[in-house]
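Novice: protein-v2.cif is reproduced below (mmCIF, C-alpha atoms and all ligand atoms).
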```
data_start
#
loop_
_atom_site.label_atom_id
_atom_site.label_comp_id
_atom_site.auth_asym_id
_atom_site.auth_seq_id
_atom_site.Cartn_x
_atom_site.Cartn_y
_atom_site.Cartn_z
CA ALA U 1141 33.96 10.28 -2.38
CA HIS U 1142 34.61 9.45 1.24
CA PRO U 1143 32.34 6.66 2.43
CA GLY U 1144 31.30 6.78 6.05
CA ALA U 1145 31.71 10.52 6.37
CA ALA U 1146 27.98 11.12 6.72
CA GLY U 1147 27.60 9.11 9.93
CA VAL U 1148 30.43 10.73 11.89
CA ASP U 1149 29.98 13.56 14.38
CA PRO U 1150 33.30 15.42 14.24
CA PHE U 1151 32.60 17.34 17.44
CA ALA U 1152 31.64 14.27 19.48
CA LEU U 1153 34.74 12.41 18.34
CA VAL U 1154 37.14 14.86 19.99
CA GLY U 1155 34.67 16.14 22.62
CA PRO U 1156 36.67 14.97 25.67
CA ASP U 1157 39.83 16.59 24.28
CA ILE U 1158 37.96 19.82 23.65
CA ASP U 1159 36.70 19.78 27.25
CA ALA U 1160 40.26 19.23 28.48
CA MET U 1161 41.39 22.09 26.27
CA SER U 1162 38.74 24.44 27.64
CA ALA U 1163 39.72 23.53 31.22
CA SER U 1164 43.35 24.16 30.36
CA ILE U 1165 42.56 27.57 28.86
CA ARG U 1166 40.66 28.49 32.03
CA GLN U 1167 43.66 27.49 34.11
CA LEU U 1168 46.01 29.37 31.83
CA LEU U 1169 44.03 32.59 32.28
CA GLY U 1170 43.60 32.31 35.99
CA VAL U 1171 46.99 33.49 37.19
CA ASP U 1172 47.75 36.95 38.51
CA HIS U 1173 45.76 39.33 36.35
CA PRO U 1174 42.34 39.38 38.01
CA VAL U 1175 40.88 42.06 35.74
CA LEU U 1176 42.04 40.50 32.49
CA ARG U 1177 41.07 37.09 33.78
CA ASN U 1178 37.54 38.30 34.39
CA VAL U 1179 37.31 39.86 30.96
CA ALA U 1180 38.71 36.83 29.16
CA ALA U 1181 36.68 34.42 31.28
CA TYR U 1182 33.52 36.38 30.43
CA PHE U 1183 34.20 35.71 26.78
CA PHE U 1184 35.05 32.03 27.18
CA GLU U 1185 32.04 31.40 29.40
CA GLN U 1186 29.50 32.80 26.93
CA GLY U 1187 28.85 29.38 25.44
CA GLY U 1188 32.34 29.47 24.03
CA GLY U 1189 31.33 28.96 20.40
CA LYS U 1190 31.52 25.81 18.33
CA LYS U 1191 35.26 25.18 18.85
CA PHE U 1192 35.42 24.54 15.14
CA ARG U 1193 39.13 25.38 14.85
CA PRO U 1194 40.57 23.28 17.70
CA THR U 1195 38.32 20.41 16.58
CA MET U 1196 39.99 20.52 13.19
CA VAL U 1197 43.47 20.60 14.73
CA LEU U 1198 42.72 17.57 16.90
CA LEU U 1199 41.11 15.62 14.06
CA VAL U 1200 44.11 16.27 11.77
CA SER U 1201 46.36 15.13 14.62
CA ARG U 1202 44.43 11.90 15.09
CA ALA U 1203 43.90 11.21 11.39
CA THR U 1204 47.64 11.48 10.70
CA ALA U 1205 48.83 9.68 13.85
CA PRO U 1206 49.07 6.25 12.14
CA LEU U 1207 51.67 7.78 9.79
CA MET U 1208 54.01 8.66 12.62
CA ALA U 1209 55.85 5.33 12.73
CA GLU U 1210 56.35 5.62 8.99
CA ALA U 1211 57.65 9.17 9.24
CA GLN U 1212 60.31 8.10 11.71
CA THR U 1213 61.55 5.07 9.77
CA PRO U 1214 64.01 6.85 7.42
CA TYR U 1215 65.72 8.46 10.37
CA VAL U 1216 66.23 5.19 12.16
CA ALA U 1217 67.46 3.45 9.00
CA GLU U 1218 69.84 6.19 7.93
CA ALA U 1219 71.22 7.08 11.31
CA GLY U 1220 74.46 5.13 10.98
CA ALA U 1221 75.26 5.85 7.36
CA HIS U 1222 74.76 9.60 7.24
CA GLY U 1223 75.84 10.81 10.63
CA PRO U 1224 73.37 12.40 12.97
CA ALA U 1225 70.06 11.88 11.24
CA VAL U 1226 68.57 14.80 13.10
CA ASP U 1227 70.54 17.07 10.75
CA ALA U 1228 69.58 15.09 7.67
CA ALA U 1229 65.85 15.40 8.35
CA PRO U 1230 64.00 18.48 7.05
CA ALA U 1231 64.29 21.26 9.61
CA TYR U 1232 60.70 21.08 10.75
CA ARG U 1233 60.96 17.36 11.44
CA ARG U 1234 63.80 17.61 13.91
CA ALA U 1235 61.73 18.30 16.98
CA ALA U 1236 59.71 15.16 16.56
CA PHE U 1237 62.90 13.12 16.59
CA LEU U 1238 64.26 14.62 19.76
CA PRO U 1239 64.42 12.21 22.67
CA GLY U 1240 61.26 12.16 24.72
CA ARG U 1241 58.99 13.02 21.78
CA GLY U 1242 57.18 9.72 21.44
CA ALA U 1243 53.59 9.36 20.29
CA GLU U 1244 52.21 10.45 23.67
CA ASP U 1245 54.36 13.58 23.79
CA VAL U 1246 53.35 14.45 20.27
CA ALA U 1247 49.65 14.01 21.12
CA ALA U 1248 50.10 16.24 24.19
CA SER U 1249 51.84 18.90 22.12
CA GLN U 1250 49.03 18.76 19.55
CA LEU U 1251 46.48 19.32 22.32
CA ARG U 1252 48.49 22.40 23.38
CA LEU U 1253 48.47 23.51 19.76
CA ALA U 1254 44.66 23.28 19.61
CA GLU U 1255 44.59 25.54 22.67
CA ILE U 1256 46.92 28.05 21.03
CA THR U 1257 44.70 28.09 17.95
CA GLU U 1258 41.66 28.87 20.10
CA LEU U 1259 43.55 31.57 22.04
CA ILE U 1260 44.69 33.34 18.87
CA HIS U 1261 41.19 33.09 17.41
CA THR U 1262 39.59 34.50 20.56
CA ALA U 1263 42.13 37.34 20.73
CA SER U 1264 41.30 38.26 17.16
CA LEU U 1265 37.57 38.31 17.95
CA LEU U 1266 38.07 40.60 20.97
CA HIS U 1267 40.01 43.04 18.78
CA ASP U 1268 37.61 42.61 15.89
CA ASP U 1269 34.61 43.64 17.99
CA VAL U 1270 36.45 46.81 19.02
CA ILE U 1271 37.28 47.64 15.39
CA ASP U 1272 33.73 46.81 14.24
CA GLU U 1273 32.18 48.55 17.25
CA ALA U 1274 30.06 45.42 17.68
CA ASP U 1275 27.60 45.40 20.59
CA THR U 1276 27.02 41.65 20.45
CA ARG U 1277 28.82 38.45 19.58
CA ARG U 1278 26.97 35.14 19.21
CA GLY U 1279 23.86 36.94 20.40
CA VAL U 1280 25.31 38.14 23.74
CA ALA U 1281 26.84 41.44 24.78
CA SER U 1282 30.40 41.80 23.43
CA VAL U 1283 33.38 42.26 25.76
CA ASN U 1284 33.90 45.82 24.49
CA SER U 1285 30.30 46.73 25.20
CA VAL U 1286 30.49 45.35 28.76
CA PHE U 1287 34.05 46.30 29.81
CA GLY U 1288 34.94 49.03 27.32
CA ASN U 1289 37.38 49.17 24.41
CA LYS U 1290 40.54 49.57 26.46
CA LEU U 1291 40.04 46.40 28.46
CA ALA U 1292 38.83 44.49 25.40
CA VAL U 1293 42.06 45.35 23.55
CA LEU U 1294 44.19 44.49 26.57
CA ALA U 1295 42.35 41.20 27.10
CA GLY U 1296 43.04 40.31 23.46
CA ASP U 1297 46.72 41.19 23.96
CA PHE U 1298 46.77 39.09 27.11
CA LEU U 1299 45.43 36.06 25.24
CA LEU U 1300 48.05 36.55 22.51
CA ALA U 1301 50.76 36.74 25.16
CA ARG U 1302 49.48 33.52 26.71
CA ALA U 1303 49.40 31.91 23.28
CA SER U 1304 53.02 32.98 22.70
CA ILE U 1305 54.15 31.43 25.98
CA CYS U 1306 52.33 28.18 25.19
CA LEU U 1307 53.87 28.17 21.73
CA ALA U 1308 57.41 28.64 23.06
CA ARG U 1309 56.87 25.73 25.41
CA LEU U 1310 56.34 23.40 22.45
CA ARG U 1311 60.10 23.77 21.85
CA ASP U 1312 59.61 23.55 18.10
CA VAL U 1313 60.96 26.61 16.30
CA PRO U 1314 59.44 25.87 12.85
CA VAL U 1315 56.01 25.50 14.49
CA VAL U 1316 56.55 28.81 16.31
CA GLU U 1317 57.30 30.43 12.95
CA CYS U 1318 54.27 28.83 11.30
CA MET U 1319 51.87 29.85 14.08
CA SER U 1320 53.32 33.37 14.31
CA THR U 1321 52.60 33.85 10.61
CA ILE U 1322 48.91 33.51 11.46
CA ILE U 1323 49.00 36.61 13.67
CA GLU U 1324 50.65 38.61 10.89
CA HIS U 1325 48.03 37.34 8.44
CA LEU U 1326 45.13 38.27 10.73
CA VAL U 1327 46.42 41.83 10.94
CA ARG U 1328 47.11 41.97 7.17
CA GLY U 1329 43.58 40.74 6.45
CA GLU U 1330 42.03 43.27 8.76
CA VAL U 1331 44.08 46.15 7.31
CA GLN U 1332 43.32 45.05 3.75
CA GLN U 1333 39.61 45.05 4.60
CA MET U 1334 39.88 48.52 6.10
CA ARG U 1335 41.55 50.07 3.09
CA SER U 1336 39.31 51.30 0.31
CA GLU U 1337 38.93 48.08 -1.61
CA SER U 1338 37.84 48.97 -5.11
CA LYS U 1339 39.37 51.91 -6.89
CA GLY U 1340 37.98 51.24 -10.34
CA GLU U 1341 40.31 48.29 -10.90
CA GLY U 1342 37.57 45.96 -12.14
CA VAL U 1343 35.72 43.00 -10.70
CA ASP U 1344 38.42 40.39 -11.37
CA VAL U 1345 41.07 42.30 -9.46
CA ALA U 1346 38.58 43.01 -6.68
CA PHE U 1347 37.70 39.30 -6.50
CA GLU U 1348 41.38 38.38 -6.26
CA ALA U 1349 41.80 40.89 -3.42
CA TYR U 1350 38.71 39.51 -1.69
CA MET U 1351 40.06 35.94 -1.80
CA THR U 1352 43.46 37.06 -0.50
CA LYS U 1353 41.78 38.95 2.30
CA SER U 1354 39.66 35.89 3.12
CA PHE U 1355 42.78 33.76 3.28
CA TYR U 1356 44.49 36.19 5.65
CA LYS U 1357 41.45 36.82 7.82
CA THR U 1358 40.05 33.30 8.11
CA ALA U 1359 41.80 30.51 6.23
CA SER U 1360 45.38 31.12 7.39
CA LEU U 1361 44.48 30.34 11.00
CA VAL U 1362 43.08 26.90 10.18
CA ALA U 1363 45.57 26.16 7.39
CA ASN U 1364 48.66 26.92 9.45
CA SER U 1365 47.23 25.32 12.60
CA CYS U 1366 46.54 22.07 10.72
CA ARG U 1367 49.98 22.32 9.15
CA SER U 1368 51.58 22.80 12.57
CA ALA U 1369 49.72 19.76 13.94
CA ALA U 1370 51.29 17.64 11.19
CA MET U 1371 54.71 19.26 11.73
CA LEU U 1372 54.64 18.46 15.46
CA ALA U 1373 54.30 14.78 14.59
CA GLY U 1374 57.25 14.95 12.18
CA HIS U 1375 55.20 13.96 9.15
CA SER U 1376 56.48 14.05 5.57
CA ASP U 1377 56.25 17.19 3.40
CA GLU U 1378 53.37 15.54 1.55
CA VAL U 1379 51.29 15.04 4.70
CA VAL U 1380 52.19 18.46 6.12
CA ASP U 1381 51.13 20.06 2.83
CA ALA U 1382 47.89 18.04 2.69
CA ALA U 1383 47.04 19.21 6.23
CA TYR U 1384 47.67 22.79 5.13
CA ARG U 1385 45.52 22.47 2.01
CA TYR U 1386 42.70 20.82 3.94
CA GLY U 1387 42.70 23.73 6.41
CA LYS U 1388 43.08 26.40 3.78
CA HIS U 1389 40.21 25.24 1.57
CA THR U 1390 37.90 24.48 4.49
CA GLY U 1391 38.68 27.97 5.81
CA LEU U 1392 37.96 29.63 2.47
CA ALA U 1393 34.71 27.66 2.13
CA PHE U 1394 33.78 28.77 5.65
CA GLN U 1395 34.33 32.46 4.84
CA LEU U 1396 32.40 32.24 1.55
CA VAL U 1397 29.44 30.67 3.34
CA ASP U 1398 29.71 33.31 6.07
CA ASP U 1399 29.51 36.03 3.46
CA ALA U 1400 26.49 34.38 1.79
CA LEU U 1401 24.75 33.96 5.16
CA ASP U 1402 25.17 37.67 5.80
CA PHE U 1403 22.61 38.14 3.02
CA SER U 1404 20.38 35.12 3.52
CA GLY U 1405 20.42 34.66 7.30
CA SER U 1406 18.27 36.35 9.90
CA ALA U 1407 19.48 38.36 12.89
CA GLU U 1408 18.37 35.51 15.17
CA SER U 1409 20.23 32.77 13.30
CA LEU U 1410 23.39 34.89 12.91
CA GLY U 1411 23.57 36.38 16.40
CA LYS U 1412 24.25 39.75 14.74
CA PRO U 1413 22.32 42.02 12.38
CA ALA U 1414 21.69 40.64 8.87
CA MET U 1415 23.23 42.53 5.91
CA ASN U 1416 25.86 43.70 8.36
CA ASP U 1417 28.72 43.56 5.84
CA VAL U 1418 27.06 45.84 3.30
CA ALA U 1419 26.00 48.19 6.10
CA GLN U 1420 29.70 48.36 7.05
CA GLY U 1421 30.65 49.16 3.47
CA LEU U 1422 32.24 45.76 2.82
CA THR U 1423 32.21 44.17 -0.61
CA THR U 1424 32.03 40.37 -0.35
CA ALA U 1425 31.65 37.48 -2.83
CA PRO U 1426 27.85 37.78 -3.39
CA VAL U 1427 28.26 41.47 -4.32
CA LEU U 1428 31.27 40.74 -6.55
CA PHE U 1429 29.31 38.05 -8.41
CA ALA U 1430 26.42 40.48 -8.77
CA ALA U 1431 28.83 43.14 -10.10
CA ARG U 1432 29.82 40.80 -12.93
CA THR U 1433 26.20 40.91 -14.10
CA TYR U 1434 25.58 44.53 -13.09
CA PRO U 1435 28.76 46.62 -13.63
CA GLU U 1436 26.76 49.64 -12.45
CA LEU U 1437 27.34 48.37 -8.87
CA GLN U 1438 30.98 49.48 -9.13
CA PRO U 1439 30.39 53.11 -8.02
CA LEU U 1440 28.25 51.84 -5.10
CA MET U 1441 31.09 49.58 -4.01
CA GLU U 1442 33.54 52.48 -4.29
CA ARG U 1443 31.42 54.74 -2.10
CA LYS U 1444 30.95 51.84 0.35
CA PHE U 1445 27.15 51.82 -0.08
CA ARG U 1446 26.89 55.09 1.82
CA VAL U 1447 24.21 56.78 -0.27
CA PRO U 1448 20.65 56.07 0.98
CA GLY U 1449 19.13 53.28 -1.11
CA ASP U 1450 22.52 51.66 -1.92
CA VAL U 1451 21.96 48.77 0.48
CA GLU U 1452 18.59 47.97 -1.10
CA THR U 1453 20.06 48.22 -4.62
CA VAL U 1454 22.83 45.78 -3.70
CA ALA U 1455 20.41 43.35 -2.04
CA HIS U 1456 18.26 43.39 -5.17
CA ALA U 1457 21.22 42.94 -7.53
CA VAL U 1458 22.58 40.03 -5.49
CA LYS U 1459 19.18 38.35 -5.64
CA GLU U 1460 18.62 38.94 -9.37
CA SER U 1461 22.12 37.85 -10.40
CA GLY U 1462 22.09 34.60 -8.42
CA GLY U 1463 25.04 35.93 -6.44
CA LEU U 1464 24.24 33.74 -3.45
CA ASP U 1465 24.11 30.52 -5.49
CA LYS U 1466 27.38 31.42 -7.19
CA THR U 1467 29.01 32.14 -3.83
CA HIS U 1468 27.72 28.85 -2.52
CA ALA U 1469 29.01 26.98 -5.58
CA LEU U 1470 32.48 28.47 -5.03
CA ALA U 1471 32.33 27.41 -1.37
CA VAL U 1472 31.41 23.86 -2.45
CA ALA U 1473 34.38 23.86 -4.87
CA HIS U 1474 36.72 24.78 -2.02
CA ALA U 1475 35.16 22.15 0.26
CA GLN U 1476 35.85 19.63 -2.50
CA MET U 1477 39.51 20.71 -2.64
CA ALA U 1478 39.63 20.16 1.12
CA LEU U 1479 38.22 16.63 0.64
CA ASP U 1480 40.78 15.97 -2.11
CA ALA U 1481 43.61 16.89 0.27
CA LEU U 1482 42.39 14.20 2.69
CA ALA U 1483 43.44 11.50 0.21
CA ALA U 1484 46.97 11.87 1.65
CA PHE U 1485 45.75 10.55 5.02
CA PRO U 1486 45.01 6.87 5.67
CA PRO U 1487 41.32 5.91 5.88
CA SER U 1488 39.98 6.24 9.44
CA GLU U 1489 36.97 7.57 11.32
CA HIS U 1490 38.98 10.71 12.08
CA ARG U 1491 39.54 11.29 8.40
CA ASP U 1492 35.82 10.72 7.84
CA ALA U 1493 35.14 13.30 10.54
CA LEU U 1494 37.37 15.81 8.74
CA ALA U 1495 35.39 15.14 5.57
CA ALA U 1496 32.12 15.59 7.49
CA LEU U 1497 33.41 18.88 8.92
CA ALA U 1498 34.26 20.25 5.47
CA ALA U 1499 30.83 19.14 4.23
CA ARG U 1500 29.10 20.73 7.22
CA VAL U 1501 30.80 24.06 6.55
CA VAL U 1502 28.94 24.41 3.27
CA THR U 1503 25.57 23.11 4.51
CA ARG U 1504 25.39 25.16 7.71
CA SER U 1505 22.74 27.86 8.09
CA SER U 1506 24.20 29.71 11.06
C1 LIG E 1 36.15 38.47 12.23
O1 LIG E 1 35.67 38.98 11.05
C2 LIG E 1 37.59 38.89 12.38
C3 LIG E 1 38.66 38.13 12.11
C4 LIG E 1 38.51 36.74 11.64
C5 LIG E 1 40.07 38.63 12.26
C6 LIG E 1 40.24 39.89 13.06
C7 LIG E 1 41.67 40.32 13.14
C8 LIG E 1 42.09 41.41 13.78
C9 LIG E 1 41.16 42.30 14.51
C10 LIG E 1 43.54 41.78 13.77
C11 LIG E 1 44.16 41.61 15.14
C12 LIG E 1 44.57 40.21 15.33
C13 LIG E 1 44.93 39.58 16.48
C14 LIG E 1 45.53 38.22 16.41
C15 LIG E 1 44.73 40.16 17.83
P1 LIG E 1 34.26 39.72 10.88
O2 LIG E 1 34.25 41.01 11.58
O3 LIG E 1 34.04 39.75 9.41
O4 LIG E 1 33.25 38.66 11.47
P2 LIG E 1 32.38 38.63 12.78
O5 LIG E 1 31.00 38.54 12.27
O6 LIG E 1 32.79 37.38 13.48
O7 LIG E 1 32.62 39.85 13.58
MG MG E 2 33.30 41.66 13.27
MG MG E 3 35.58 42.59 11.38
#
```
Would you mind writing the structure in this file as structure tokens?
Ligand code: FPP
Ligand code: MG
Ligand code: MG
Specialist:
Amino acid sequence: AHPGAAGVDPFALVGPDIDAMSASIRQLLGVDHPVLRNVAAYFFEQGGGKKFRPTMVLLVSRATAPLMAEAQTPYVAEAGAHGPAVDAAPAYRRAAFLPGRGAEDVAASQLRLAEITELIHTASLLHDDVIDEADTRRGVASVNSVFGNKLAVLAGDFLLARASICLARLRDVPVVECMSTIIEHLVRGEVQQMRSESKGEGVDVAFEAYMTKSFYKTASLVANSCRSAAMLAGHSDEVVDAAYRYGKHTGLAFQLVDDALDFSGSAESLGKPAMNDVAQGLTTAPVLFAARTYPELQPLMERKFRVPGDVETVAHAVKESGGLDKTHALAVAHAQMALDALAAFPPSEHRDALAALAARVVTRSS
């Protein structure tokens, strides 16, 4: 559907920006909290992950940049007739029209935004490893296992505080609101996952709850970050919404694949134990698909697979029911919705890279 997408390396395309972002995060952490700095730096220096999220933010920024001149035209044209056009523009577009917010300023603010996205993501991982009592992340010792829970929680809080300061400095209140929503969603997703998920309400309701939880836990961060990138440039509602939908569906596809890999991947490829979700009592898409074929899984889900033999029963049911293929097919459907959203952006290599990124999400094996 999107010619050229196959040949583009999304990570290489924004590599220099990502390097600049990482350097900026290091600088941001290195002020007057030596202990927290060490803890946070430990995390960032462990390979630092794929930088999947900031890459998306930067690619959306670049892919929509050619639309900026267009977005500003109505303001210029209507300025005389309708009084101060700043008030006539949708609220979120005002900041982009403020003096001193030319293309270069917008690009700089979008780079800051990518940083904020990475900071919020990292904070959530530090807290997540405390909640999950995880000993490792990406195959290396987790912050909580090296420095203890208290410092891991504080380091996460520190990163959130830094993210908040960075966000305020963008001087764009609607973007502050949009990005703050992410933090609420992360907490909602985590709490929803913690609560007993299935109380005999049936597979359809449980599936609905699972998708909502996946949006809160994973997709909201990318959806609202991509949306904010478009808002910073003052783009039209249509483009802002397309950026949001691209992020949302790519995020949902990502989580679905993650949940399938938990069954099909190995400890080495995942950097954490395989079948970890079931071991933690979590019901994910492969199990829910299996439960459609085998309703007798319901009581196992309700008791969080705690009875000896439950884990094996679930693994078998997932295999027999084709639960992994069905999960993968749903992930592909969401990746397609992400590709469809890209139609709102003009053709460019950055748009191709966004398409390649969405495609890569569903073909990855780790
Ligand atoms: C990883 O999930 C966890 C998240 C994506 C979100 C965690 C959110 C919180 C702990 C709430 C607090 C939020 C903030 C912003 C500090 P996982 O455990 O399923 O995956 P994993 O394999 O990466 O551990
Ligand atoms: Mg975890
Ligand atoms: Mg978790």
Novice: Using all atoms listed in the file, find each residue of chain U with at least one atom at most 8 Å away from an atom of ligand LIG 1 (chain E); report its shortest atom-to-atom pair and that distance in Å (one decimal), sort the rows by chain and rising residue number, and return the result as a Markdown table.
Specialist:
```
| residue | atom | partner | partner_atom | distance |
| --- | --- | --- | --- | --- |
| U:Ile1260 | CA | E:LIG1 | C14 | 5.5 |
| U:His1261 | CA | E:LIG1 | C14 | 6.8 |
| U:Ala1263 | CA | E:LIG1 | C15 | 4.8 |
| U:Ser1264 | CA | E:LIG1 | C13 | 3.9 |
| U:Leu1265 | CA | E:LIG1 | C2 | 5.6 |
| U:Leu1266 | CA | E:LIG1 | C9 | 7.4 |
| U:His1267 | CA | E:LIG1 | C9 | 4.5 |
| U:Asp1268 | CA | E:LIG1 | C9 | 3.8 |
| U:Asp1269 | CA | E:LIG1 | O7 | 6.1 |
| U:Val1270 | CA | E:LIG1 | C9 | 7.9 |
| U:Ile1271 | CA | E:LIG1 | C9 | 6.7 |
| U:Asp1272 | CA | E:LIG1 | O2 | 6.4 |
| U:Ala1274 | CA | E:LIG1 | O7 | 7.4 |
| U:Arg1277 | CA | E:LIG1 | O7 | 7.2 |
| U:Gly1296 | CA | E:LIG1 | C15 | 5.9 |
| U:Asp1297 | CA | E:LIG1 | C15 | 6.5 |
| U:Leu1300 | CA | E:LIG1 | C15 | 6.8 |
| U:Ile1322 | CA | E:LIG1 | C14 | 7.6 |
| U:Ile1323 | CA | E:LIG1 | C14 | 4.7 |
| U:Glu1324 | CA | E:LIG1 | C14 | 7.5 |
| U:Leu1326 | CA | E:LIG1 | C7 | 4.7 |
| U:Val1327 | CA | E:LIG1 | C10 | 4.0 |
| U:Arg1328 | CA | E:LIG1 | C10 | 7.5 |
| U:Gly1329 | CA | E:LIG1 | C7 | 7.0 |
| U:Glu1330 | CA | E:LIG1 | C7 | 5.3 |
| U:Val1331 | CA | E:LIG1 | C10 | 7.8 |
| U:Lys1357 | CA | E:LIG1 | C4 | 4.8 |
| U:Thr1358 | CA | E:LIG1 | C4 | 5.2 |
| U:Lys1412 | CA | E:LIG1 | O5 | 7.3 |
| U:Asp1417 | CA | E:LIG1 | O3 | 7.5 |
```
Novice: Just checking: using only C-alpha atoms, which residue out of U:Leu1440, U:Leu1169, U:Leu1310, U:Ala1301 ends up closest to Ala1419 of chain U?
Specialist: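 Using only C-alpha atoms, Ala1419 of chain U sits closest to U:Leu1440.
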Novice: What does the structure give for the distance between atom CA of Ser1320 of chain U and atom CA of Arg1302 of chain U, in Å to one decimal?
Specialist: 13.0 Å
Novice: Skip Ala1359 of chain U itself and residues of its chain fewer than 2 positions away, then list as a list in words all residues within 6 Å of it, counting only C-alpha atoms.
Specialist: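 Near neighbours after the sequence-gap exclusion: Phe1355, Leu1361, Val1362, Ala1363, Lys1388, Gly1391 and Leu1392 of chain U.
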Novice: Rank nothing, just name the residue among U:Gln1332, U:Thr1433, U:Ser1282, U:Gln1438 nearest to ligand MG 2 (chain E), using all atoms listed in the file.
Specialist: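 Of U:Gln1332, U:Thr1433, U:Ser1282, U:Gln1438, the one nearest ligand MG 2 (chain E), counting all atoms listed in the file, is U:Ser1282.
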